[in-house]
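Pasting upload_7.txt here (compact mmCIF, C-alpha atoms (C1' of nucleotides)):
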# COMPACT_ATOMS: atom_id res chain seq x y z
CA MET A 1 93.36 -24.90 44.28
CA SER A 2 96.32 -22.56 43.92
CA LYS A 3 99.49 -23.51 45.71
CA SER A 4 102.76 -21.83 46.41
CA PRO A 5 105.80 -23.21 44.62
CA VAL A 6 107.64 -23.07 47.96
CA PRO A 7 105.34 -24.94 50.37
CA MET A 8 105.42 -23.61 53.93
CA PHE A 9 102.48 -25.39 55.51
CA LEU A 10 100.33 -22.33 55.92
CA PRO A 11 96.96 -22.81 57.60
CA ALA A 12 93.91 -23.02 55.38
CA PRO A 13 90.80 -20.92 56.05
CA GLY A 14 89.03 -22.41 59.04
CA GLU A 15 92.20 -23.96 60.45
CA GLY A 16 94.31 -22.82 63.39
CA LYS A 17 94.19 -19.08 63.98
CA ARG A 18 91.98 -18.85 60.94
CA GLY A 19 89.34 -21.02 62.64
CA GLU A 20 87.48 -20.91 65.89
CA ASP A 21 90.66 -20.29 67.86
CA GLY A 22 91.51 -17.05 66.09
CA HIS A 23 91.18 -13.52 67.39
CA MET A 24 87.62 -12.26 67.36
CA GLY A 25 88.57 -9.17 65.39
CA TYR A 26 90.22 -11.25 62.71
CA LEU A 27 87.26 -13.61 62.50
CA LEU A 28 84.86 -10.70 62.27
CA ARG A 29 86.83 -9.05 59.50
CA GLN A 30 87.19 -12.35 57.66
CA ALA A 31 83.45 -13.03 57.82
CA ALA A 32 82.45 -9.53 56.76
CA HIS A 33 84.94 -9.63 53.93
CA ALA A 34 83.60 -12.96 52.63
CA TYR A 35 80.05 -11.66 52.83
CA ARG A 36 80.89 -8.45 51.01
CA GLN A 37 82.54 -10.37 48.22
CA ARG A 38 79.50 -12.59 47.74
CA ALA A 39 77.26 -9.54 47.75
CA GLU A 40 79.42 -7.86 45.12
CA THR A 41 79.23 -10.93 42.93
CA ALA A 42 75.47 -11.21 43.35
CA LEU A 43 74.94 -7.58 42.30
CA ALA A 44 77.68 -7.34 39.67
CA ASP A 45 75.50 -7.77 36.57
CA LEU A 46 73.13 -5.06 37.83
CA ASP A 47 76.08 -2.65 37.92
CA LEU A 48 75.33 -2.09 41.57
CA THR A 49 77.72 -2.23 44.52
CA PRO A 50 76.68 -3.25 48.04
CA PRO A 51 76.98 0.30 49.41
CA GLN A 52 74.86 1.55 46.52
CA PHE A 53 72.26 -1.10 47.32
CA THR A 54 72.24 0.04 50.93
CA VAL A 55 71.66 3.65 49.94
CA LEU A 56 68.87 2.73 47.52
CA THR A 57 67.19 0.66 50.23
CA MET A 58 67.33 3.57 52.66
CA LEU A 59 65.91 5.96 50.09
CA ALA A 60 63.05 3.55 49.36
CA ALA A 61 62.19 3.54 53.06
CA TYR A 62 62.69 7.28 53.59
CA PRO A 63 62.33 9.28 50.34
CA GLY A 64 63.71 12.79 50.36
CA LEU A 65 66.59 12.21 52.74
CA SER A 66 69.60 14.51 52.62
CA GLY A 67 73.16 13.29 52.20
CA ALA A 68 73.79 14.03 55.85
CA ASP A 69 70.76 11.95 56.84
CA LEU A 70 72.04 9.03 54.78
CA ALA A 71 75.44 9.35 56.38
CA ARG A 72 73.98 9.08 59.87
CA LEU A 73 71.76 6.18 58.91
CA ALA A 74 74.58 4.21 57.30
CA LEU A 75 77.17 5.10 59.94
CA LEU A 76 79.30 6.59 57.19
CA THR A 77 80.80 10.04 56.69
CA PRO A 78 79.03 12.62 54.53
CA GLN A 79 81.96 12.47 52.12
CA THR A 80 81.55 8.76 51.64
CA ILE A 81 77.84 9.17 50.97
CA ALA A 82 78.58 11.96 48.52
CA VAL A 83 80.72 9.61 46.43
CA ILE A 84 78.10 6.85 46.42
CA VAL A 85 75.25 9.26 45.73
CA GLY A 86 77.26 10.87 42.96
CA ASN A 87 77.69 7.51 41.24
CA LEU A 88 74.00 6.67 41.68
CA ASP A 89 73.07 10.04 40.23
CA ARG A 90 75.34 9.54 37.24
CA ALA A 91 73.64 6.15 36.69
CA GLY A 92 70.23 7.85 36.76
CA LEU A 93 68.96 5.80 39.71
CA ILE A 94 68.29 8.80 41.95
CA THR A 95 67.50 12.50 41.72
CA ARG A 96 68.63 15.39 43.88
CA GLU A 97 66.21 18.28 44.30
CA PRO A 98 66.69 21.42 46.35
CA HIS A 99 64.87 21.04 49.64
CA PRO A 100 61.58 23.02 49.75
CA VAL A 101 62.24 24.36 53.25
CA HIS A 102 65.97 24.30 53.86
CA GLY A 103 67.83 25.87 50.94
CA ARG A 104 71.15 24.11 51.31
CA ILE A 105 69.76 20.59 51.65
CA LEU A 106 69.46 18.38 48.58
CA ALA A 107 66.50 16.00 48.95
CA ILE A 108 67.37 12.65 47.35
CA SER A 109 64.77 10.28 45.89
CA LEU A 110 64.64 7.16 43.75
CA THR A 111 63.87 7.38 40.04
CA ALA A 112 61.77 4.77 38.25
CA PRO A 113 64.92 3.00 37.00
CA GLY A 114 66.24 3.17 40.53
CA ARG A 115 63.17 1.40 41.87
CA ALA A 116 63.40 -1.24 39.14
CA VAL A 117 67.03 -2.04 39.87
CA LEU A 118 66.38 -2.10 43.60
CA ALA A 119 63.58 -4.65 43.14
CA LYS A 120 65.88 -6.99 41.25
CA ALA A 121 68.68 -6.54 43.73
CA ARG A 122 66.45 -7.20 46.70
CA SER A 123 65.60 -10.80 45.93
CA ARG A 124 69.25 -11.68 45.42
CA MET A 125 70.30 -10.08 48.66
CA GLN A 126 67.46 -11.86 50.42
CA THR A 127 68.81 -15.18 49.20
CA LEU A 128 72.29 -14.25 50.37
CA ASP A 129 71.03 -13.19 53.77
CA ASP A 130 69.08 -16.41 54.17
CA SER A 131 72.27 -18.35 53.56
CA LEU A 132 73.86 -16.56 56.50
CA LEU A 133 71.35 -18.24 58.76
CA ALA A 134 71.84 -21.75 57.39
CA GLY A 135 72.67 -24.13 60.21
CA LEU A 136 71.67 -21.66 62.90
CA ASP A 137 68.69 -22.55 65.07
CA ALA A 138 66.44 -19.89 66.59
CA ASP A 139 68.31 -19.65 69.90
CA HIS A 140 71.70 -19.36 68.28
CA GLU A 141 70.40 -16.83 65.78
CA THR A 142 69.30 -14.64 68.67
CA VAL A 143 72.72 -14.92 70.26
CA VAL A 144 74.48 -13.89 67.06
CA ARG A 145 72.07 -11.04 66.35
CA ARG A 146 72.48 -9.63 69.83
CA TRP A 147 76.25 -9.83 69.60
CA LEU A 148 76.38 -8.09 66.23
CA VAL A 149 74.19 -5.26 67.52
CA THR A 150 76.33 -4.90 70.63
CA VAL A 151 79.51 -4.64 68.60
CA ALA A 152 77.95 -2.15 66.21
CA LEU A 153 76.73 0.14 68.97
CA PRO A 154 78.98 3.08 69.81
CA THR A 155 81.07 2.64 72.91
CA GLU A 156 79.65 4.46 75.90
CA THR A 157 82.88 6.00 77.17
CA MET B 1 74.48 14.48 69.16
CA SER B 2 74.01 15.79 65.65
CA LYS B 3 70.50 16.28 64.42
CA SER B 4 68.90 17.03 61.11
CA PRO B 5 67.21 20.42 60.76
CA VAL B 6 64.26 18.61 59.19
CA PRO B 7 63.41 15.84 61.69
CA MET B 8 62.02 12.69 60.12
CA PHE B 9 62.11 10.25 63.04
CA LEU B 10 64.86 8.08 61.66
CA PRO B 11 65.80 5.02 63.69
CA ALA B 12 68.88 5.26 65.88
CA PRO B 13 71.58 2.57 65.80
CA GLY B 14 70.23 -0.47 67.60
CA GLU B 15 66.61 0.42 66.89
CA GLY B 16 64.21 -1.10 64.38
CA LYS B 17 65.95 -2.51 61.32
CA ARG B 18 69.19 -1.25 62.77
CA GLY B 19 68.76 -3.55 65.78
CA GLU B 20 68.17 -7.24 66.30
CA ASP B 21 65.38 -7.27 63.72
CA GLY B 22 67.56 -6.11 60.85
CA HIS B 23 68.91 -8.16 57.97
CA MET B 24 71.86 -10.31 58.95
CA GLY B 25 74.01 -8.90 56.17
CA TYR B 26 73.36 -5.36 57.30
CA LEU B 27 74.08 -6.23 60.92
CA LEU B 28 77.30 -7.98 59.92
CA ARG B 29 78.48 -5.03 57.87
CA GLN B 30 77.52 -2.60 60.61
CA ALA B 31 79.44 -4.56 63.23
CA ALA B 32 82.53 -5.02 61.09
CA HIS B 33 82.48 -1.35 60.19
CA ALA B 34 82.29 -0.27 63.83
CA TYR B 35 85.11 -2.62 64.73
CA ARG B 36 87.32 -1.41 61.90
CA GLN B 37 86.81 2.19 62.94
CA ARG B 38 87.85 1.44 66.51
CA ALA B 39 90.88 -0.45 65.27
CA GLU B 40 91.87 2.47 63.05
CA THR B 41 91.60 4.86 65.97
CA ALA B 42 93.61 2.58 68.23
CA LEU B 43 96.45 2.34 65.70
CA ALA B 44 96.33 5.87 64.33
CA ASP B 45 99.22 7.34 66.32
CA LEU B 46 101.44 4.44 65.25
CA ASP B 47 100.80 5.41 61.62
CA LEU B 48 99.51 1.90 61.08
CA THR B 49 96.27 0.78 59.44
CA PRO B 50 94.41 -2.41 60.40
CA PRO B 51 95.33 -4.17 57.13
CA GLN B 52 98.96 -3.22 57.68
CA PHE B 53 98.77 -4.65 61.19
CA THR B 54 97.36 -7.88 59.78
CA VAL B 55 100.20 -8.19 57.29
CA LEU B 56 102.85 -7.47 59.93
CA THR B 57 101.29 -10.10 62.19
CA MET B 58 101.38 -12.68 59.42
CA LEU B 59 105.00 -11.86 58.60
CA ALA B 60 105.97 -12.23 62.25
CA ALA B 61 104.43 -15.70 62.27
CA TYR B 62 105.80 -16.74 58.85
CA PRO B 63 108.90 -14.73 57.85
CA GLY B 64 109.87 -14.81 54.20
CA LEU B 65 106.39 -15.09 52.75
CA SER B 66 105.74 -13.92 49.21
CA GLY B 67 103.07 -11.43 48.27
CA ALA B 68 101.02 -14.24 46.80
CA ASP B 69 101.30 -16.18 50.08
CA LEU B 70 100.09 -13.15 52.03
CA ALA B 71 97.19 -12.74 49.64
CA ARG B 72 96.01 -16.31 50.20
CA LEU B 73 96.44 -16.02 53.96
CA ALA B 74 94.51 -12.77 54.19
CA LEU B 75 91.85 -13.76 51.66
CA LEU B 76 92.83 -10.72 49.62
CA THR B 77 93.98 -10.32 46.02
CA PRO B 78 97.70 -10.08 45.21
CA GLN B 79 97.09 -6.54 43.98
CA THR B 80 95.64 -5.49 47.31
CA ILE B 81 98.56 -7.00 49.17
CA ALA B 82 100.96 -5.25 46.81
CA VAL B 83 99.52 -1.88 47.82
CA ILE B 84 99.75 -2.63 51.53
CA VAL B 85 103.22 -4.13 51.26
CA GLY B 86 104.34 -1.16 49.20
CA ASN B 87 103.26 1.23 51.93
CA LEU B 88 104.93 -0.89 54.63
CA ASP B 89 108.11 -0.96 52.58
CA ARG B 90 108.09 2.80 52.14
CA ALA B 91 107.69 3.12 55.92
CA GLY B 92 110.71 0.88 56.45
CA LEU B 93 108.80 -1.74 58.42
CA ILE B 94 109.55 -4.61 56.03
CA THR B 95 112.14 -5.67 53.48
CA ARG B 96 111.74 -7.50 50.18
CA GLU B 97 114.58 -9.78 49.13
CA PRO B 98 114.79 -11.91 46.01
CA HIS B 99 113.91 -15.48 46.88
CA PRO B 100 116.98 -17.77 47.09
CA VAL B 101 115.29 -20.59 45.18
CA HIS B 102 112.54 -19.10 43.07
CA GLY B 103 113.82 -16.16 41.08
CA ARG B 104 110.59 -14.28 40.66
CA ILE B 105 109.41 -14.45 44.27
CA LEU B 106 110.15 -11.58 46.66
CA ALA B 107 110.57 -12.90 50.21
CA ILE B 108 109.15 -10.40 52.68
CA SER B 109 110.35 -10.03 56.26
CA LEU B 110 109.99 -7.65 59.18
CA THR B 111 112.69 -5.08 59.94
CA ALA B 112 113.65 -4.14 63.49
CA PRO B 113 111.40 -1.03 63.35
CA GLY B 114 108.67 -3.26 62.01
CA ARG B 115 108.94 -5.59 64.98
CA ALA B 116 108.93 -2.64 67.38
CA VAL B 117 105.78 -1.12 65.89
CA LEU B 118 104.07 -4.50 65.82
CA ALA B 119 104.77 -5.03 69.52
CA LYS B 120 103.13 -1.74 70.42
CA ALA B 121 100.18 -2.39 68.14
CA ARG B 122 99.59 -5.85 69.53
CA SER B 123 98.66 -4.86 73.04
CA ARG B 124 96.16 -2.30 71.79
CA MET B 125 94.51 -4.76 69.46
CA GLN B 126 94.41 -7.31 72.25
CA THR B 127 92.46 -4.84 74.37
CA LEU B 128 90.08 -4.15 71.53
CA ASP B 129 89.53 -7.84 70.88
CA ASP B 130 88.84 -8.48 74.55
CA SER B 131 86.12 -5.86 74.46
CA LEU B 132 84.40 -7.80 71.69
CA LEU B 133 83.83 -10.62 74.16
CA ALA B 134 82.41 -8.46 76.93
CA GLY B 135 79.03 -9.80 77.95
CA LEU B 136 79.47 -13.12 76.17
CA ASP B 137 79.67 -16.24 78.30
CA ALA B 138 81.66 -19.26 77.14
CA ASP B 139 78.74 -21.00 75.44
CA HIS B 140 77.67 -17.93 73.53
CA GLU B 141 81.23 -17.16 72.54
CA THR B 142 81.49 -20.59 70.97
CA VAL B 143 78.26 -20.00 69.05
CA VAL B 144 79.49 -16.69 67.68
CA ARG B 145 82.94 -18.02 66.79
CA ARG B 146 81.47 -20.97 64.94
CA TRP B 147 79.10 -18.72 63.02
CA LEU B 148 81.85 -16.31 61.99
CA VAL B 149 84.03 -19.16 60.73
CA THR B 150 81.11 -20.64 58.81
CA VAL B 151 80.38 -17.35 57.09
CA ALA B 152 84.05 -16.79 56.27
CA LEU B 153 84.48 -20.20 54.71
CA PRO B 154 84.15 -20.36 50.93
CA THR B 155 80.84 -21.69 49.69
CA GLU B 156 80.99 -25.30 48.60
CA THR B 157 79.01 -25.00 45.39
C1' DA C 1 114.63 -28.81 23.48
C1' DA C 2 110.37 -26.59 22.85
C1' DC C 3 105.89 -25.72 24.32
C1' DA C 4 102.08 -25.26 27.48
C1' DA C 5 100.52 -24.43 31.97
C1' DC C 6 100.95 -22.18 36.18
C1' DA C 7 102.66 -18.88 39.72
C1' DT C 8 104.32 -14.39 40.61
C1' DA C 9 104.59 -9.59 40.24
C1' DT C 10 102.97 -5.35 38.52
C1' DC C 11 100.38 -1.58 35.80
C1' DA C 12 95.92 0.66 35.07
C1' DG C 13 91.34 1.97 36.35
C1' DA C 14 87.44 2.07 39.38
C1' DG C 15 84.73 2.36 43.81
C1' DC C 16 84.55 2.77 48.86
C1' DT C 17 86.18 4.97 53.01
C1' DT C 18 88.63 7.96 55.90
C1' DT C 19 90.51 12.75 57.83
C1' DG C 20 91.08 17.52 57.05
C1' DA C 21 89.74 21.87 55.14
C1' DT C 22 86.50 25.20 52.92
C1' DA C 23 82.14 27.51 51.84
C1' DA C 24 77.23 28.38 52.16
C1' DT C 25 72.72 28.16 54.53
C1' DG C 26 69.70 28.55 58.54
C1' DA C 27 68.72 29.15 63.64
C1' DG C 28 69.35 31.34 68.07
C1' DC C 29 70.74 35.11 70.79
C1' DA C 30 72.53 39.79 72.28
C1' DT D 1 70.26 43.93 63.21
C1' DG D 2 74.28 41.39 63.52
C1' DC D 3 77.11 37.61 65.50
C1' DT D 4 77.88 33.00 66.52
C1' DC D 5 77.03 28.25 66.12
C1' DA D 6 75.33 24.02 63.98
C1' DT D 7 74.32 21.76 59.71
C1' DT D 8 75.07 20.87 55.01
C1' DA D 9 77.69 20.23 50.94
C1' DT D 10 81.97 19.82 48.65
C1' DC D 11 87.18 19.76 47.39
C1' DA D 12 91.53 17.38 48.23
C1' DA D 13 94.53 13.66 49.58
C1' DA D 14 95.34 9.13 51.24
C1' DG D 15 94.64 4.02 51.94
C1' DC D 16 92.13 -0.27 50.98
C1' DT D 17 89.92 -3.27 47.70
C1' DC D 18 88.43 -5.05 43.45
C1' DT D 19 88.60 -6.60 38.17
C1' DG D 20 91.26 -6.82 34.10
C1' DA D 21 95.46 -6.96 31.60
C1' DT D 22 100.47 -7.68 31.00
C1' DA D 23 105.18 -9.50 31.62
C1' DT D 24 108.42 -12.58 33.79
C1' DG D 25 109.99 -16.88 35.85
C1' DT D 26 109.34 -21.97 36.88
C1' DT D 27 107.59 -26.44 36.03
C1' DG D 28 105.98 -30.25 33.52
C1' DT D 29 104.84 -32.41 29.22
C1' DT D 30 105.67 -33.71 24.68

What does the file become when written as structure tokens?
Amino acid sequence: MSKSPVPMFLPAPGEGKRGEDGHMGYLLRQAAHAYRQRAETALADLDLTPPQFTVLTMLAAYPGLSGADLARLALLTPQTIAVIVGNLDRAGLITREPHPVHGRILAISLTAPGRAVLAKARSRMQTLDDSLLAGLDADHETVVRRWLVTVALPTET
Amino acid sequence: MSKSPVPMFLPAPGEGKRGEDGHMGYLLRQAAHAYRQRAETALADLDLTPPQFTVLTMLAAYPGLSGADLARLALLTPQTIAVIVGNLDRAGLITREPHPVHGRILAISLTAPGRAVLAKARSRMQTLDDSLLAGLDADHETVVRRWLVTVALPTET
DNA sequence: AACAACATATCAGAGCTTTGATAATGAGCA
DNA sequence: TGCTCATTATCAAAGCTCTGATATGTTGTT
């Protein structure tokens, strides 16, 4: 374990404000950050990032989506999706075809390599997701799921 | 509400896989993303980002920390902290002084403007954090807090 | 005293994400 | 028909975050 040369008795993760007594926002960010890092590590040797995995998953479920559709689905901006889609396109995992009806829309679909990579990525992410539920019984899982959905929902002001 | 010109019956936030039946990792990312966006909006007119707020808060609690200390505390890399600290320095909210004992360390502290901005930011973030607990009774809050801490903790492999 | 190990800081490059601005396409209405 | 509006896509700039590499300073060992 790394240690500062000038010890100041800083709290370790899980202690003090970094534990159950911390601010909810801080705890949420901390948890999401830890999860994202594990996901990045799990996908690293596939040359796939978590956002890219998300986009591939969405395209597998709904082939032919536009960039704007993906943005709405992922709660991201069209610009953000454009960057991710651009990188996936460069990697040959997706294709962009002019939409048959609406001229400006680019319909995005998975390529065969895209499907292959997604299949490999899926099992790893499944394992990771299962680990998130370790030590959580059915009742508590429901509580957590409901809370996450509530926080994610847009505020009704 | 925006709508695609080529309707495909995509699920809305909170429905289907985007609701309580979704993958935990997706729900976690969705929730953290929504929270971060609200935090950014709340701090926007102070010209402060959520990571910058986090760093200022840590410096208020532990003045004279080094960049490496901040990195450990925030679970970020030293490089990431360097970017954030650089921006805070340019804004005049912090100062970096050579460490009295350890020559290489730069001891970071808040300036008077830094303290003033932090005070304003705090009340807004407090309001935001309170809203995260809306609809959670004491028992459920404990369940959620425990889960977040568990997820944030490094894996013991 | 010299060397090895470690901690710190920083440079470079990449991807994700945002806001803001610009341009092109299609739909609805006068 | 022509105008206006909504949607789509894209360019630009900024901040956050990472991995990898490099240089400096301190500590501990030989």

Hey, can you check how far atom CA of Leu28 of chain B sits from atom CA of Leu136 of chain B?
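We find that atom CA of Leu28 of chain B and atom CA of Leu136 of chain B lie 17.2 Å from each other.
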
Could you tell me how far atom CA of Tyr26 of chain B sits from atom CA of Thr41 of chain B, in Å to one decimal place?
22.6 Å

Could you list, as number ranges by chain, every residue of chain D that has an atom within 9 Å of an atom of chain B, counting only C-alpha atoms (C1' of nucleotides)?
D: 6-7, 15-18, 24-26

Residues of chain C no more than 9 Å from chain B, counting only C-alpha atoms (C1' of nucleotides): send them over as a VMD selection string.
chain C and resid 7 to 10 26

Given all atoms listed in the file as the basis, pick out the residue of A:Arg29, A:Ala74, A:Arg145, A:Phe9 nearest to Leu133 of chain A.
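The answer is A:Arg145, which sits nearest to Leu133 of chain A.
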
Can you write out as a Markdown table which residues of chain B fall within 7 Å of chain A, alongside each residue's closest atom pair and its distance in Å to one decimal, counting all atoms listed in the file and ordering rows by chain and ascending residue number?
| residue | atom | partner | partner_atom | distance |
| --- | --- | --- | --- | --- |
| B:Ser4 | CA | A:Asp69 | CA | 6.9 |
| B:Pro13 | CA | A:Leu153 | CA | 6.5 |
| B:Gly14 | CA | A:Val149 | CA | 6.2 |
| B:Gly19 | CA | A:Val149 | CA | 6.0 |
| B:Glu20 | CA | A:Arg145 | CA | 5.4 |
| B:His23 | CA | A:Asp129 | CA | 6.9 |
| B:Met24 | CA | A:Asp129 | CA | 6.0 |
| B:Gly25 | CA | A:Asp129 | CA | 5.7 |
| B:Leu27 | CA | A:Leu148 | CA | 6.1 |
| B:Leu28 | CA | A:Ala32 | CA | 6.2 |
| B:Arg29 | CA | A:Ala32 | CA | 6.1 |
| B:Gln30 | CA | A:Ala152 | CA | 5.6 |
| B:Ala31 | CA | A:Ala152 | CA | 4.1 |
| B:Ala32 | CA | A:Arg29 | CA | 6.1 |
| B:Ala34 | CA | A:Ala152 | CA | 5.3 |
| B:Asp69 | CA | A:Ser4 | CA | 6.9 |
| B:Asp129 | CA | A:Gly25 | CA | 5.7 |
| B:Leu132 | CA | A:Val151 | CA | 6.6 |
| B:His140 | CA | A:Val143 | CA | 6.7 |
| B:Val143 | CA | A:His140 | CA | 6.6 |
| B:Val144 | CA | A:Val144 | CA | 5.8 |
| B:Arg145 | CA | A:Glu20 | CA | 5.5 |
| B:Arg146 | CA | A:Glu20 | CA | 6.1 |
| B:Leu148 | CA | A:Ala31 | CA | 5.5 |
| B:Val149 | CA | A:Gly19 | CA | 5.9 |
| B:Val151 | CA | A:Ala31 | CA | 5.3 |
| B:Ala152 | CA | A:Ala31 | CA | 4.1 |
| B:Leu153 | CA | A:Pro13 | CA | 6.5 |

Mind pulling up the distance from atom CA of Leu59 of chain B to atom CA of Arg124 of chain B?
18.5 Å

Around the point (85.3, 25.9, 52.5) in the file's coordinates, collect all residues with an atom within 9 Å, using all atoms listed in the file, and return them as a ChimeraX atom specification.
/C:21-24 /D:10-11

Kindly indicate which residue among A:Gln52, A:Ser109, A:Thr57, A:Thr127 lies nearest to Arg96 of chain A, using only C-alpha atoms for the distances.
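Smallest distance to Arg96 of chain A is found for A:Ser109.
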
Please tell me which residues are no farther than 10 Å from (98.6, -4.6, 36.7) in the file, counting all atoms listed in the file, and write them as a tab-separated table (two decimals) with C-alpha atoms (C1' of nucleotides), in the coordinates of the input.
chain	number	residue	atom	x	y	z
B	79	GLN	CA	97.09	-6.54	43.98
C	9	DA	C1'	104.59	-9.59	40.24
C	10	DT	C1'	102.97	-5.35	38.52
C	11	DC	C1'	100.38	-1.58	35.80
C	12	DA	C1'	95.92	0.66	35.07
C	13	DG	C1'	91.34	1.97	36.35
D	20	DG	C1'	91.26	-6.82	34.10
D	21	DA	C1'	95.46	-6.96	31.60
D	22	DT	C1'	100.47	-7.68	31.00
D	23	DA	C1'	105.18	-9.50	31.62

If the box runs along x, y and z of the file and leaves 6 Å on each side of segment 12-27 of chain D, what are its centre and edge lengths in Å, one decimal, as JSON?
{"center_x": 99.2, "center_y": -4.5, "center_z": 41.5, "size_x": 33.6, "size_y": 55.8, "size_z": 32.9}
